[in-house]
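Structure record follows, encoded as structure tokens.
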Amino acid sequence: MPEDKIDPHILEQIRKLEEKYEVMGQDLSSYLDGLLYSDYLTYWDYIHLDTLMSLQTPKTGLKDEMIFIVYHQHTELFFKLILWEIEQISFHEDLNAEFFIDRMERINRYFELLENSFSVMVEGMERDQFLKFRMSLLPSSGFQSAQYRWIELSSTDLYNLTSPDLRAQVDPEDDAEKLMEAIYWRRGATELASGKKTLTLKQFEEKYFSSFLHRARKFRKKNLLKVYQNNFAKHPDQERIISVLRKYDLMANVYWPLAHYKSAVKYLHRDPVDIAATGGTNWQKYLPPRFQKVLFFPELWSEREKAEWGKAWVKSQLDRAAEHRA
Ligand code: HEM
């Protein structure tokens, strides 16, 4: 085809491509050959559908185990997105309030979706089936979700993730290794009878402890609390900023944990095999936010709000149940 018949827009694109490849010392013509011979992209290749569909492998023949696996995987994918957004905020070279608020709103949306969808677990499986297939999964537990811990370590100072009753023994300025010794979640994986670390915890730390230290150090000056303190504590848009951060604190540390707690109560409550089914941990005294008292942004809450942490939600649930009965 003579050159004057070629769409000028396409000629312009070829010129730009030539410039792009020249900068890197590459030959455009070879790349155009590649384009000529390559296949058209399909949906299933793009999202790796076959691989994705091959990742659900139940350990038992109980049908509801599939729901349990798929829902955990779905949650981990959203944890991945939450980490993705946090990293864009933390390592932004020219961060402004609009970007910060927008990305925090995305994170809140992901957590909201996770909270609202927890009914898939709470109402969507047969309890008898759950109690059976759960025994084939011991000693694994969602407790071993490393992404959940990375989200925490990227959101606040490590000191804020230490057990409240161990705080007197550590200092915010301590090295990450010392602070990790007092991390709140160790308490959730301690054997009721002996006070020793559970196998669940031992295996978890063996695989991930160094990644936790690495992340705690990497985010020491870059976590979301620090980003707020260093950039937005006196910003004209402070009100909006505080509002998205408080919402995030509630989503991550009250609403999602309580939606999750409801599933533990539904499946593991009142049954003599309860403790065995959870690998021997004291989850009833560990999981409720009012015991954990994890807050990413303590300075954004009043003393009263901190003292009442996690209680308002329980009250609202009780009120709702009472309304239902009336
Ligand atoms: C029927 C559904 C579920 C039940 C009965 C349940 C039960 C429990 C229990 C009893 C614990 C305390 C630790 C232990 O004893 O193992 C725990 C911890 C945990 N589970 Fe689940 N879980 C369920 C679903 C999920 C799902 C879908 C996820 C999503 C990844 C998840 C993530 C977690 C996390 C992150 C922890 C640690 C919480 C913390 O340290 O505060 N769980 N779960």
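By order of appearance in the structure tokens: chains A, B, ..., then residues from 1 within every chain, and ligands from 1 in the order shown.
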Do you have, as CSV, the list of residues of chain A lying at most 7 Å from ligand 1, each with its nearest atom pair and that distance in Å to one decimal, counting only C-alpha atoms and all ligand atoms and ordered by chain then number?
residue,atom,partner,partner_atom_place_in_ligand_line,distance
A:Phe68,CA,ligand 1,27 (C),6.9
A:Tyr71,CA,ligand 1,27 (C),5.7
A:His72,CA,ligand 1,27 (C),4.5
A:Thr75,CA,ligand 1,30 (C),5.4
A:Glu76,CA,ligand 1,30 (C),5.9
A:Met121,CA,ligand 1,1 (C),5.2
A:Val122,CA,ligand 1,1 (C),6.3
A:Ser141,CA,ligand 1,16 (O),4.6
A:Gly142,CA,ligand 1,33 (C),3.6
A:Phe143,CA,ligand 1,36 (C),3.5
A:Gln144,CA,ligand 1,35 (C),6.8
A:Ser145,CA,ligand 1,35 (C),5.4
A:Tyr148,CA,ligand 1,35 (C),5.5
A:Trp185,CA,ligand 1,40 (O),5.0
A:Gly188,CA,ligand 1,13 (C),5.9
A:Ala189,CA,ligand 1,13 (C),6.3
A:Pro257,CA,ligand 1,41 (O),6.8
A:His260,CA,ligand 1,23 (C),6.1
A:Ser263,CA,ligand 1,1 (C),4.9
A:Ala264,CA,ligand 1,5 (C),3.7
A:Tyr267,CA,ligand 1,5 (C),5.5
A:Leu268,CA,ligand 1,5 (C),6.3
A:Thr278,CA,ligand 1,15 (O),4.4
A:Gly279,CA,ligand 1,15 (O),6.0
A:Gly280,CA,ligand 1,15 (O),6.8
A:Thr281,CA,ligand 1,15 (O),4.8
A:Asn282,CA,ligand 1,15 (O),6.7
A:Trp283,CA,ligand 1,12 (C),4.8
A:Leu287,CA,ligand 1,41 (O),5.4
*Write out as a ChimeraX atom specification the residues lying within 12 Å of Gln56 (chain A), counting only C-alpha atoms and excluding same-chain residues fewer than 6 positions away.*
/A:50,65-74
Those same residues, written as an mmCIF file, in the first residue's frame with N, CA, C and O atoms?
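Output file out-v2.cif is given in full below:
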data_model
loop_
_atom_site.group_PDB
_atom_site.id
_atom_site.type_symbol
_atom_site.label_atom_id
_atom_site.label_comp_id
_atom_site.auth_asym_id
_atom_site.auth_seq_id
_atom_site.Cartn_x
_atom_site.Cartn_y
_atom_site.Cartn_z
ATOM 1 N N ASP A 50 -7.633 -20.955 33.886
ATOM 2 C CA ASP A 50 -7.442 -22.389 34.158
ATOM 3 C C ASP A 50 -6.640 -22.596 35.440
ATOM 4 O O ASP A 50 -6.962 -23.454 36.257
ATOM 5 N N GLU A 65 -16.912 -27.713 51.990
ATOM 6 C CA GLU A 65 -15.503 -27.318 52.123
ATOM 7 C C GLU A 65 -15.092 -26.420 50.951
ATOM 8 O O GLU A 65 -14.243 -25.536 51.095
ATOM 9 N N MET A 66 -15.730 -26.634 49.787
ATOM 10 C CA MET A 66 -15.424 -25.783 48.615
ATOM 11 C C MET A 66 -15.721 -24.311 48.923
ATOM 12 O O MET A 66 -14.958 -23.412 48.566
ATOM 13 N N ILE A 67 -16.833 -24.069 49.621
ATOM 14 C CA ILE A 67 -17.203 -22.687 49.955
ATOM 15 C C ILE A 67 -16.125 -22.068 50.848
ATOM 16 O O ILE A 67 -15.706 -20.925 50.671
ATOM 17 N N PHE A 68 -15.666 -22.872 51.806
ATOM 18 C CA PHE A 68 -14.661 -22.420 52.766
ATOM 19 C C PHE A 68 -13.359 -22.039 52.041
ATOM 20 O O PHE A 68 -12.775 -20.977 52.302
ATOM 21 N N ILE A 69 -12.956 -22.854 51.110
ATOM 22 C CA ILE A 69 -11.712 -22.575 50.373
ATOM 23 C C ILE A 69 -11.866 -21.328 49.500
ATOM 24 O O ILE A 69 -11.050 -20.413 49.553
ATOM 25 N N VAL A 70 -12.948 -21.305 48.712
ATOM 26 C CA VAL A 70 -13.130 -20.183 47.775
ATOM 27 C C VAL A 70 -13.236 -18.867 48.542
ATOM 28 O O VAL A 70 -12.636 -17.854 48.161
ATOM 29 N N TYR A 71 -13.940 -18.870 49.674
ATOM 30 C CA TYR A 71 -14.105 -17.616 50.411
ATOM 31 C C TYR A 71 -12.782 -17.139 51.021
ATOM 32 O O TYR A 71 -12.497 -15.943 51.047
ATOM 33 N N HIS A 72 -11.975 -18.069 51.475
ATOM 34 C CA HIS A 72 -10.649 -17.661 51.982
ATOM 35 C C HIS A 72 -9.802 -17.079 50.851
ATOM 36 O O HIS A 72 -9.127 -16.070 51.024
ATOM 37 N N GLN A 73 -9.855 -17.718 49.707
ATOM 38 C CA GLN A 73 -9.052 -17.213 48.579
ATOM 39 C C GLN A 73 -9.524 -15.821 48.160
ATOM 40 O O GLN A 73 -8.715 -14.935 47.885
ATOM 41 N N HIS A 74 -10.859 -15.648 48.136
ATOM 42 C CA HIS A 74 -11.435 -14.347 47.781
ATOM 43 C C HIS A 74 -10.940 -13.285 48.772
ATOM 44 O O HIS A 74 -10.535 -12.188 48.397
#
### Task
Please identify all polymer residues within 9 Å of Asp249 (chain A), counting only C-alpha atoms, omitting same-chain residues fewer than 3 positions from it, and present them as a ChimeraX atom specification.
/A:244-246,252-254,294-297
In region 10-215 of chain A, what's alpha helix (DSSP H) per DSSP? Answer as an NGL selection string?
:A and (10-23 or 28-37 or 43-46 or 49-53 or 65-90 or 97-117 or 119-122 or 127-136 or 146-155 or 176-181 or 199-215)
What separates CA of Leu225 (chain A) and CA of Thr156 (chain A) is a distance of 5.1 Å
**Prompt:** Between A:Trp309, A:Ala97, A:Leu258, A:Pro172, which has the minimum distance to Lys234 (chain A) (counting only C-alpha atoms)?
**Reply:**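 With only C-alpha atoms as the atom set, the closest residue is A:Ala97.
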Please provide as a list in words all residues within 12 Å of Glu181 (chain A), with the sequence filter that same-chain residues fewer than 2 positions apart are discarded (counting only C-alpha atoms). Leu158, Tyr159, Leu161, Thr162, Ser163, Leu166, Arg167, Gln169, Val170, Asp174, Asp175, Ala176, Glu177, Lys178, Leu179, Ile183, Tyr184, Trp185, Arg186, Arg187, Glu205, Phe209, Phe212 and Leu213 of chain A
- Message: Need to verify the contact set: Ala259 (chain A), 12 Å, only C-alpha atoms, exclusion of same-chain residues closer than 2 positions in sequence. Can you return it as number ranges by chain?
- Response: A: 111-123, 251-257, 261-266, 287-289, 310, 313-314, 317
Restricting to only C-alpha atoms, whichever of A:Tyr248, A:Leu83, A:Asp27, A:His269 is closest to Arg109 (chain A) is A:Tyr248
re CA of Pro164 (chain A) and CA of Lys293 (chain A): distance 7.4 Å
Show me, as a PyMOL selection string, the residues that have an atom within 10 Å of Ile14 (chain A) when counting only C-alpha atoms, minus same-chain residues fewer than 6 positions from it.
chain A and resi 8+20+28+32
Applying 8 Å and only C-alpha atoms, which residues near Ile89 (chain A) remain after dropping the ones on its own chain fewer than 5 positions away? List them as a list in words.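 Near neighbours after the sequence-gap exclusion: Leu95, Phe99, Phe100, Arg103 and Leu224 of chain A.
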In terms of only C-alpha atoms, the residue from A:Val227, A:Ile82, A:Met180, A:Leu62 at minimal distance from Glu126 (chain A) is A:Leu62
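In this model, the gap between CA of Ser140 (chain A) and CA of Leu201 (chain A) comes to 9.4 Å.
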